[in-house]
Structure formats: C-alpha cells, structure tokens
file data.txt (compact mmCIF, C-alpha atoms)
# COMPACT_ATOMS: atom_id res chain seq x y z
CA MET A 10 103.43 129.38 86.31
CA ALA A 11 106.48 128.95 88.50
CA GLY A 12 109.27 127.02 86.84
CA TRP A 13 108.06 127.73 83.30
CA PRO A 14 109.17 128.81 80.79
CA ILE A 15 112.76 127.75 81.33
CA ASP A 16 115.82 129.08 79.57
CA PHE A 17 116.46 126.98 76.45
CA GLY A 18 120.21 127.64 76.34
CA GLN A 19 120.77 126.71 79.98
CA THR A 20 118.56 123.64 79.60
CA LEU A 21 120.63 122.51 76.61
CA VAL A 22 123.83 122.87 78.64
CA THR A 23 122.27 120.93 81.52
CA TYR A 24 121.03 118.26 79.10
CA LEU A 25 124.48 117.73 77.59
CA ALA A 26 126.05 117.66 81.05
CA PHE A 27 123.52 115.08 82.27
CA THR A 28 124.10 112.94 79.18
CA ALA A 29 127.84 112.95 79.83
CA ILE A 30 127.28 112.17 83.53
CA ILE A 31 124.92 109.26 82.79
CA ILE A 32 127.32 107.75 80.24
CA GLY A 33 130.31 108.27 82.53
CA ARG A 34 128.48 106.76 85.50
CA TYR A 35 127.47 103.79 83.36
CA PHE A 36 131.06 102.96 82.46
CA LEU A 37 132.45 103.72 85.92
CA ILE A 38 129.97 101.36 87.61
CA VAL A 39 129.53 98.62 85.00
CA ALA A 40 133.14 98.16 83.89
CA PRO A 41 134.59 97.14 87.29
CA ILE A 42 131.58 94.95 88.11
CA HIS A 43 131.83 93.17 84.76
CA TRP A 44 135.56 92.70 85.26
CA ALA A 45 135.11 91.40 88.81
CA LEU A 46 132.45 88.88 87.78
CA TRP A 47 133.61 87.70 84.37
CA LYS A 48 137.38 88.08 84.59
CA ARG A 49 138.12 87.25 88.22
CA THR A 50 135.76 84.26 88.67
CA PRO A 51 134.37 85.31 92.08
CA HIS A 52 134.10 82.54 94.64
CA LYS A 53 131.02 83.82 96.47
CA ALA A 54 128.91 84.74 93.43
CA LYS A 55 126.89 82.09 91.62
CA ARG A 56 127.12 81.94 87.85
CA LEU A 57 123.74 81.93 86.05
CA SER A 58 124.64 82.44 82.40
CA LYS A 59 125.46 79.26 80.54
CA ARG A 60 127.94 80.83 78.13
CA GLU A 61 130.57 83.54 78.07
CA PRO A 62 129.36 86.92 76.79
CA THR A 63 130.52 87.72 73.26
CA ARG A 64 132.06 90.99 72.14
CA GLU A 65 129.14 91.45 69.76
CA THR A 66 126.66 91.18 72.63
CA ILE A 67 128.58 93.65 74.78
CA ARG A 68 128.93 96.15 71.90
CA HIS A 69 125.17 95.95 71.32
CA GLU A 70 124.45 96.50 75.03
CA ILE A 71 126.81 99.49 75.20
CA TRP A 72 125.28 101.04 72.07
CA LEU A 73 121.70 100.84 73.33
CA SER A 74 122.76 102.04 76.78
CA THR A 75 124.46 105.07 75.22
CA VAL A 76 121.33 105.89 73.22
CA SER A 77 119.27 105.51 76.40
CA ALA A 78 121.55 108.00 78.18
CA PHE A 79 120.57 110.73 75.70
CA ILE A 80 116.89 109.90 76.28
CA TYR A 81 117.08 109.76 80.09
CA ALA A 82 118.99 113.03 80.29
CA LEU A 83 116.28 115.15 78.66
CA PRO A 84 113.48 114.96 81.27
CA ALA A 85 116.07 115.13 84.04
CA ALA A 86 117.49 118.35 82.60
CA ILE A 87 114.05 119.93 82.11
CA VAL A 88 112.92 119.12 85.65
CA LEU A 89 116.20 120.34 87.16
CA GLU A 90 115.81 123.69 85.42
CA MET A 91 112.17 123.86 86.54
CA TRP A 92 113.28 123.10 90.11
CA LYS A 93 115.83 125.91 89.99
CA ALA A 94 112.97 128.21 88.96
CA GLY A 95 110.74 126.95 91.77
CA GLY A 96 108.38 124.90 89.63
CA THR A 97 108.63 121.38 91.07
CA ALA A 98 107.86 119.53 94.29
CA MET A 99 111.54 118.81 94.95
CA TYR A 100 113.17 120.35 98.00
CA ASN A 101 116.50 120.34 99.79
CA GLY A 102 117.93 121.12 103.21
CA TRP A 103 118.04 119.04 106.38
CA PRO A 104 114.65 118.12 107.86
CA GLU A 105 114.09 120.05 111.08
CA ARG A 106 111.59 117.61 112.60
CA LEU A 107 111.20 113.88 112.97
CA SER A 108 108.21 114.04 110.63
CA GLY A 109 110.54 115.38 107.94
CA TRP A 110 112.82 112.36 108.27
CA ALA A 111 109.80 110.06 108.33
CA TYR A 112 108.54 111.60 105.11
CA ILE A 113 111.86 110.89 103.42
CA LEU A 114 111.27 107.18 104.10
CA ILE A 115 107.63 107.44 103.02
CA SER A 116 108.47 109.27 99.79
CA THR A 117 111.17 106.71 99.01
CA ALA A 118 108.60 103.92 99.33
CA ILE A 119 106.07 105.83 97.21
CA TYR A 120 108.55 106.39 94.40
CA LEU A 121 109.90 102.83 94.47
CA LEU A 122 106.40 101.32 94.41
CA ALA A 123 105.27 103.66 91.64
CA GLN A 124 108.32 102.88 89.54
CA ASP A 125 107.93 99.14 90.12
CA THR A 126 104.24 99.26 89.15
CA TRP A 127 104.87 101.35 86.04
CA PHE A 128 107.74 99.10 84.97
CA TYR A 129 105.78 95.88 85.47
CA TRP A 130 102.82 96.92 83.35
CA THR A 131 104.72 98.70 80.58
CA HIS A 132 107.21 95.83 80.48
CA ARG A 133 104.44 93.29 80.21
CA ILE A 134 102.70 95.31 77.48
CA MET A 135 105.94 95.56 75.52
CA HIS A 136 106.05 91.77 75.38
CA HIS A 137 102.85 91.74 73.31
CA LYS A 138 103.67 90.30 69.90
CA ARG A 139 102.51 93.46 68.10
CA ILE A 140 104.74 95.73 70.18
CA PHE A 141 107.75 93.61 71.14
CA ARG A 142 109.65 94.06 67.88
CA TRP A 143 109.53 97.85 68.12
CA ALA A 144 109.81 98.44 71.84
CA HIS A 145 111.74 95.65 73.53
CA ALA A 146 113.45 93.28 71.09
CA GLY A 147 116.78 95.10 71.31
CA HIS A 148 117.03 94.50 75.03
CA HIS A 149 116.25 90.82 74.57
CA LYS A 150 119.10 90.28 72.15
CA SER A 151 120.90 89.71 75.44
CA VAL A 152 119.50 86.22 76.02
CA GLN A 153 122.27 85.72 78.56
CA PRO A 154 122.69 89.32 79.79
CA THR A 155 125.82 90.95 81.15
CA PRO A 156 126.16 94.00 83.43
CA TRP A 157 126.43 96.10 80.26
CA ALA A 158 122.75 95.27 79.53
CA SER A 159 121.58 97.16 82.61
CA PHE A 160 120.44 100.17 80.54
CA SER A 161 120.37 98.68 77.04
CA PHE A 162 116.79 99.74 76.35
CA ASP A 163 115.12 100.23 73.00
CA PRO A 164 114.36 103.95 72.50
CA ILE A 165 110.60 103.49 73.01
CA GLU A 166 111.20 101.66 76.28
CA ALA A 167 113.70 104.28 77.42
CA VAL A 168 111.20 107.08 76.75
CA SER A 169 108.46 105.26 78.67
CA ALA A 170 110.72 104.87 81.71
CA ALA A 171 112.67 108.13 81.59
CA TRP A 172 109.75 110.45 82.22
CA LEU A 173 108.12 108.71 85.18
CA LEU A 174 110.25 109.94 88.10
CA PRO A 175 110.75 113.48 86.71
CA VAL A 176 107.00 113.91 86.20
CA MET A 177 106.31 112.57 89.70
CA ALA A 178 108.78 115.12 91.06
CA LEU A 179 106.54 117.89 89.72
CA PHE A 180 103.70 116.88 92.05
CA ILE A 181 104.91 114.56 94.83
CA PRO A 182 107.41 116.19 97.22
CA ILE A 183 110.80 114.52 97.23
CA HIS A 184 114.10 115.54 98.78
CA VAL A 185 116.91 116.07 96.27
CA GLY A 186 119.05 113.59 98.22
CA THR A 187 116.26 111.02 98.03
CA ALA A 188 116.03 111.50 94.27
CA LEU A 189 119.78 110.92 93.91
CA ALA A 190 119.56 107.83 96.14
CA LEU A 191 116.74 106.44 93.98
CA LEU A 192 118.85 106.87 90.88
CA MET A 193 121.69 104.97 92.52
CA ILE A 194 119.33 102.20 93.69
CA MET A 195 117.94 101.92 90.16
CA THR A 196 121.44 101.72 88.68
CA ILE A 197 122.86 99.13 91.08
CA ASN A 198 119.68 97.06 90.89
CA ALA A 199 119.78 97.03 87.08
CA VAL A 200 123.48 96.14 86.93
CA PHE A 201 123.27 93.26 89.41
CA ASN A 202 120.03 91.87 87.94
CA HIS A 203 121.63 91.68 84.49
CA ALA A 204 125.04 90.53 85.67
CA GLY A 205 124.74 86.88 84.64
CA TRP A 206 125.82 86.08 88.20
CA GLU A 207 123.90 86.01 91.45
CA VAL A 208 125.86 88.27 93.78
CA TYR A 209 123.58 87.96 96.80
CA PRO A 210 124.09 85.08 99.26
CA GLN A 211 121.93 82.04 98.56
CA SER A 212 120.53 82.34 102.08
CA TRP A 213 119.08 85.69 100.99
CA VAL A 214 117.96 84.56 97.54
CA ARG A 215 116.19 81.46 98.86
CA GLY A 216 114.99 83.19 102.02
CA LEU A 217 112.61 86.00 102.90
CA TRP A 218 114.55 88.59 100.89
CA GLY A 219 114.39 86.61 97.65
CA GLN A 220 110.71 85.84 98.15
CA HIS A 221 109.89 89.53 97.75
CA ILE A 222 112.90 91.27 96.16
CA ILE A 223 114.00 90.63 92.58
CA THR A 224 117.58 89.50 92.08
CA ALA A 225 119.49 88.10 89.10
CA SER A 226 118.17 84.61 89.86
CA HIS A 227 114.67 85.93 89.17
CA HIS A 228 115.39 88.27 86.26
CA ASN A 229 117.75 85.92 84.42
CA LEU A 230 114.78 83.61 83.78
CA HIS A 231 113.00 86.48 82.07
CA HIS A 232 115.85 86.76 79.59
CA THR A 233 116.15 83.05 78.90
CA GLN A 234 112.42 82.31 78.71
CA PHE A 235 111.18 85.73 77.45
CA ARG A 236 107.98 85.37 79.50
CA GLY A 237 107.10 86.10 83.11
CA ASN A 238 109.20 87.74 85.84
CA TYR A 239 108.38 91.22 84.56
CA GLY A 240 108.98 93.15 87.79
CA LEU A 241 111.68 95.71 88.53
CA TYR A 242 112.28 95.67 92.29
CA PHE A 243 109.58 93.49 93.84
CA ARG A 244 107.87 90.18 93.00
CA PHE A 245 104.49 91.53 94.15
CA TRP A 246 102.91 92.17 90.74
CA ASP A 247 104.29 88.99 89.21
CA ARG A 248 102.79 86.92 91.99
CA LEU A 249 99.49 88.80 92.03
CA CYS A 250 99.09 88.43 88.26
CA GLY A 251 100.37 84.86 87.96
CA THR A 252 103.48 85.76 85.96
CA ASP A 253 106.07 84.79 88.55
CA LYS A 254 108.20 81.99 87.09
CA GLY A 255 110.35 81.54 90.18
CA LEU A 256 114.14 81.49 90.30
CA VAL A 257 116.93 79.92 88.34
CA ASN A 258 117.50 76.35 89.59
CA ASP A 259 113.96 76.17 90.95
CA GLY A 260 113.13 73.77 88.16
CA ASN A 261 112.63 76.68 85.75
CA GLY A 262 116.11 77.34 84.45

call {"tool": "encode", "arguments": {"input": "data.txt", "output": "structure tokens"}}
result
Amino acid sequence: MAGWPIDFGQTLVTYLAFTAIIIGRYFLIVAPIHWALWKRTPHKAKRLSKREPTRETIRHEIWLSTVSAFIYALPAAIVLEMWKAGGTAMYNGWPERLSGWAYILISTAIYLLAQDTWFYWTHRIMHHKRIFRWAHAGHHKSVQPTPWASFSFDPIEAVSAAWLLPVMALFIPIHVGTALALLMIMTINAVFNHAGWEVYPQSWVRGLWGQHIITASHHNLHHTQFRGNYGLYFRFWDRLCGTDKGLVNDGNG
C-alpha cells in the first residue's frame, strides 16, 4: 500500500516539528489579537464579555491549548509522511486547466461543510450530561472566553476534531495550498469567535453574513448559556435542528 508503512523516526521528527509550529502559531496569532482587543480598547469592535478576563482563566486556556497542540500534531505528521510516500489524496502544483481551479473551490466547500457538520454533532453530543464532564467541561471553564480559548479543548474533544481533516485527505483530493488555507481559516475563525469582542461590523453581523456565518455574537451565547449555538462556521445545522439561540443583544444575552 502506497504511503505505508512510514518511517517512525522521521514521523517523530515531523510530529515534534508540527507541535512546535502549532504552539508557536497559537502565540503569534493570539497574543497580538488579545492585546489589541483587551489592552487597546478598540473603537470599532463591540465588547461582548461582561467582565475582564482573569489570569487564572487565561492560564487555563493556554494550558489546554498547549495540550491540544500535541494532539493535533500527530495525525498531521502521519498524513504528511504518508503524502511524501504517495499514500494520500493530497496534491500540489499549479492547476493547468480552469477545471483544476474550480475544483479547488469545490474541495474547499466540501471540507468546510464536512468539518462544520462533524463539529456540530460531536459538539452537541459532548454537551450530554453523561459526557460533558469528561469531554467538554474544560473548554467551558471559559464562561466569558478570550482569544486564548480558541484551541483550549479537552483532550477527548481535541482527538475527535484532530483526525477529521487528515483522514479526509486520504480519500478526497485536496491541494496542499487549500489544506494550509483551511488551517488558517480554522485558526482565525476560532480566535475571533472566542475573542469576547465582536470584530465584524454590525452591518455584517445583523445582515446577510451574520444570518448564515457564525461570529462571536453567536458563539459567545454558547459560552454564557451552555446550550445551543453549537456550530463551527455556519448556522445551518443550528437552525435546521432548532438549537439556534440567536445573537448577543437579540434578547438572548
């Protein structure tokens, strides 16, 4: 089977490198955003959190995010080594035809929708009273989240999320550049949705964009109420399943 077995030593090196990259990226992205929102009092952003974040909360968020980095790095390292050995559906190089560029857009939509669907249902399941304590309670210690909470997942939740995109990349063709773009979208989306501030213009949030795309005004209610608003990128599943609780200042928060 192409791509397997992979070299254990090289995979370990790749795993450690990915872990360092994920942790470094986390601090490089989150630190300036947290500083800009909580230390500079931005005029165009709308504050959602009712209280200042405590050092204890931030330390907890950083700890869980660091643990999550070690978990996320493993499937990424394995799939990268399998790709190098020709055992995945990932590809690189510039598309030579218009259909190639069109597929990049199509594959992006496929991966985003799959990730959103997986996240909604696993997230909702993890809120079951028999599972919540073990799988999701750590993340919800951030009742008023900060940007540092963007990847503060309990280990079980991190494992459930970390394997989805790498496994998909074994079977559904995706350009390496598209995969990197998806990782950046996931990161920025998570940081802004946990920021404690709404960074998007209110005309967007209350308009067509906010009706379909999740922003901090939507996700912040999930942290303060612990129920509903389970989606990752889109409000589709929440609305279809009757779990959409609206936005902050819509009479719900």

call {"tool": "atom_distance", "arguments": {"input": "data.txt", "atom1": "CA of Ala26 (chain A)", "atom2": "CA of Leu189 (chain A)"}}
result
15.8 Å

call {"tool": "closest_residue", "arguments": {"input": "data.txt", "among": "A:Ser161, A:Asn229, A:Ser169, A:Ser77", "to": "Trp127 (chain A)", "atoms": "all atoms listed in the file"}}
result
A:Ser169

call {"tool": "closest_atom_pairs", "arguments": {"input": "data.txt", "of": "region 76-176 of chain A", "to": "region 60-71 of chain A", "cutoff": "8 Å", "atoms": "only C-alpha atoms", "output": "tab-separated table"}}
result
residue	atom	partner	partner_atom	distance
A:His148	CA	A:Glu70	CA	7.7
A:Lys150	CA	A:Thr66	CA	7.6
A:Ser151	CA	A:Thr66	CA	6.6
A:Gln153	CA	A:Pro62	CA	7.4
A:Pro154	CA	A:Pro62	CA	7.7
A:Thr155	CA	A:Pro62	CA	6.9
A:Trp157	CA	A:Glu70	CA	5.6
A:Ala158	CA	A:Glu70	CA	5.0
A:Phe160	CA	A:Glu70	CA	7.7
A:Ser161	CA	A:Glu70	CA	5.0

call {"tool": "closest_residue", "arguments": {"input": "data.txt", "among": "A:Ile134, A:Ile197, A:Leu217, A:Ala144", "to": "Pro156 (chain A)", "atoms": "only C-alpha atoms"}}
result
A:Ile197

call {"tool": "closest_residue", "arguments": {"input": "data.txt", "among": "A:Thr196, A:Thr126, A:Thr28, A:Gln211", "to": "Ala54 (chain A)", "atoms": "all atoms listed in the file"}}
result
A:Gln211

call {"tool": "residues_around", "arguments": {"input": "data.txt", "residues": "Thr252 (chain A)", "least_positions_apart": "4", "cutoff": "10 Å", "atoms": "only C-alpha atoms", "output": "ChimeraX atom specification"}}
result
/A:133,236-240,244,246-248

call {"tool": "closest_residue", "arguments": {"input": "data.txt", "among": "A:Ile181, A:Lys53, A:Phe243, A:Gly251", "to": "Ser212 (chain A)", "atoms": "all atoms listed in the file"}}
result
A:Lys53

call {"tool": "closest_residue", "arguments": {"input": "data.txt", "among": "A:Ala123, A:Ile113, A:Leu37, A:Phe235", "to": "Asn101 (chain A)", "atoms": "all atoms listed in the file"}}
result
A:Ile113

call {"tool": "atom_distance", "arguments": {"input": "data.txt", "atom1": "CA of Tyr209 (chain A)", "atom2": "CA of Val257 (chain A)"}}
result
13.4 Å

call {"tool": "atom_distance", "arguments": {"input": "data.txt", "atom1": "CA of Ala199 (chain A)", "atom2": "CA of Ala225 (chain A)"}}
result
9.2 Å

call {"tool": "closest_residue", "arguments": {"input": "data.txt", "among": "A:His137, A:His132, A:His43, A:Lys93", "to": "Pro14 (chain A)", "atoms": "all atoms listed in the file"}}
result
A:Lys93

call {"tool": "residues_near_point", "arguments": {"input": "data.txt", "point": "(111.4, 88.3, 99.4)", "cutoff": "12 Å", "atoms": "only C-alpha atoms", "output": "count of residues only"}}
result
21

call {"tool": "axis_aligned_box", "arguments": {"input": "data.txt", "around": "region 165-175 of chain A", "padding_each_side": "8 Å", "output": "JSON"}}
result
{"center_x": 110.9, "center_y": 107.6, "center_z": 80.6, "size_x": 21.6, "size_y": 27.8, "size_z": 31.1}

call {"tool": "residues_near_point", "arguments": {"input": "data.txt", "point": "(114.6, 122.1, 101.0)", "cutoff": "12 Å", "atoms": "all atoms listed in the file", "output": "list of chain:residue names"}}
result
A:Trp92, A:Lys93, A:Gly95, A:Thr97, A:Ala98, A:Met99, A:Tyr100, A:Asn101, A:Gly102, A:Trp103, A:Pro104, A:Glu105, A:Gly109, A:Ile113, A:Pro182, A:Ile183, A:His184, A:Val185, A:Gly186, A:Thr187

call {"tool": "build_atoms", "arguments": {"input": "data.txt", "residues": "region 148-162 of chain A", "atoms": "N, CA and C atoms", "output": "PDB file, in the coordinates of the input"}}
result
ATOM      1  N   HIS A 148     116.578  94.907  73.705  1.00  0.00           N
ATOM      2  CA  HIS A 148     117.030  94.500  75.030  1.00  0.00           C
ATOM      3  C   HIS A 148     117.157  92.991  75.132  1.00  0.00           C
ATOM      4  N   HIS A 149     116.261  92.273  74.463  1.00  0.00           N
ATOM      5  CA  HIS A 149     116.250  90.820  74.570  1.00  0.00           C
ATOM      6  C   HIS A 149     117.203  90.126  73.610  1.00  0.00           C
ATOM      7  N   LYS A 150     117.995  90.903  72.879  1.00  0.00           N
ATOM      8  CA  LYS A 150     119.100  90.280  72.150  1.00  0.00           C
ATOM      9  C   LYS A 150     120.109  89.719  73.142  1.00  0.00           C
ATOM     10  N   SER A 151     120.058  90.238  74.360  1.00  0.00           N
ATOM     11  CA  SER A 151     120.900  89.710  75.440  1.00  0.00           C
ATOM     12  C   SER A 151     120.154  88.560  76.110  1.00  0.00           C
ATOM     13  N   VAL A 152     120.182  87.389  75.456  1.00  0.00           N
ATOM     14  CA  VAL A 152     119.500  86.220  76.020  1.00  0.00           C
ATOM     15  C   VAL A 152     120.190  85.810  77.322  1.00  0.00           C
ATOM     16  N   GLN A 153     121.497  85.892  77.330  1.00  0.00           N
ATOM     17  CA  GLN A 153     122.270  85.720  78.560  1.00  0.00           C
ATOM     18  C   GLN A 153     122.905  87.087  78.840  1.00  0.00           C
ATOM     19  N   PRO A 154     122.240  87.927  79.630  1.00  0.00           N
ATOM     20  CA  PRO A 154     122.690  89.320  79.790  1.00  0.00           C
ATOM     21  C   PRO A 154     123.990  89.439  80.570  1.00  0.00           C
ATOM     22  N   THR A 155     124.624  90.589  80.392  1.00  0.00           N
ATOM     23  CA  THR A 155     125.820  90.950  81.150  1.00  0.00           C
ATOM     24  C   THR A 155     125.521  92.265  81.870  1.00  0.00           C
ATOM     25  N   PRO A 156     126.391  92.702  82.767  1.00  0.00           N
ATOM     26  CA  PRO A 156     126.160  94.000  83.430  1.00  0.00           C
ATOM     27  C   PRO A 156     125.974  95.152  82.452  1.00  0.00           C
ATOM     28  N   TRP A 157     126.551  95.031  81.248  1.00  0.00           N
ATOM     29  CA  TRP A 157     126.430  96.100  80.260  1.00  0.00           C
ATOM     30  C   TRP A 157     125.000  96.236  79.757  1.00  0.00           C
ATOM     31  N   ALA A 158     124.148  95.214  79.986  1.00  0.00           N
ATOM     32  CA  ALA A 158     122.750  95.270  79.530  1.00  0.00           C
ATOM     33  C   ALA A 158     121.854  96.049  80.474  1.00  0.00           C
ATOM     34  N   SER A 159     122.402  96.547  81.565  1.00  0.00           N
ATOM     35  CA  SER A 159     121.580  97.160  82.610  1.00  0.00           C
ATOM     36  C   SER A 159     120.736  98.325  82.106  1.00  0.00           C
ATOM     37  N   PHE A 160     121.219  99.064  81.095  1.00  0.00           N
ATOM     38  CA  PHE A 160     120.440 100.170  80.540  1.00  0.00           C
ATOM     39  C   PHE A 160     120.348 100.073  79.013  1.00  0.00           C
ATOM     40  N   SER A 161     120.457  98.857  78.496  1.00  0.00           N
ATOM     41  CA  SER A 161     120.370  98.680  77.040  1.00  0.00           C
ATOM     42  C   SER A 161     118.914  98.574  76.615  1.00  0.00           C
ATOM     43  N   PHE A 162     118.213  99.697  76.685  1.00  0.00           N
ATOM     44  CA  PHE A 162     116.790  99.740  76.350  1.00  0.00           C
ATOM     45  C   PHE A 162     116.580 100.201  74.911  1.00  0.00           C
TER      46      PHE A 162
END
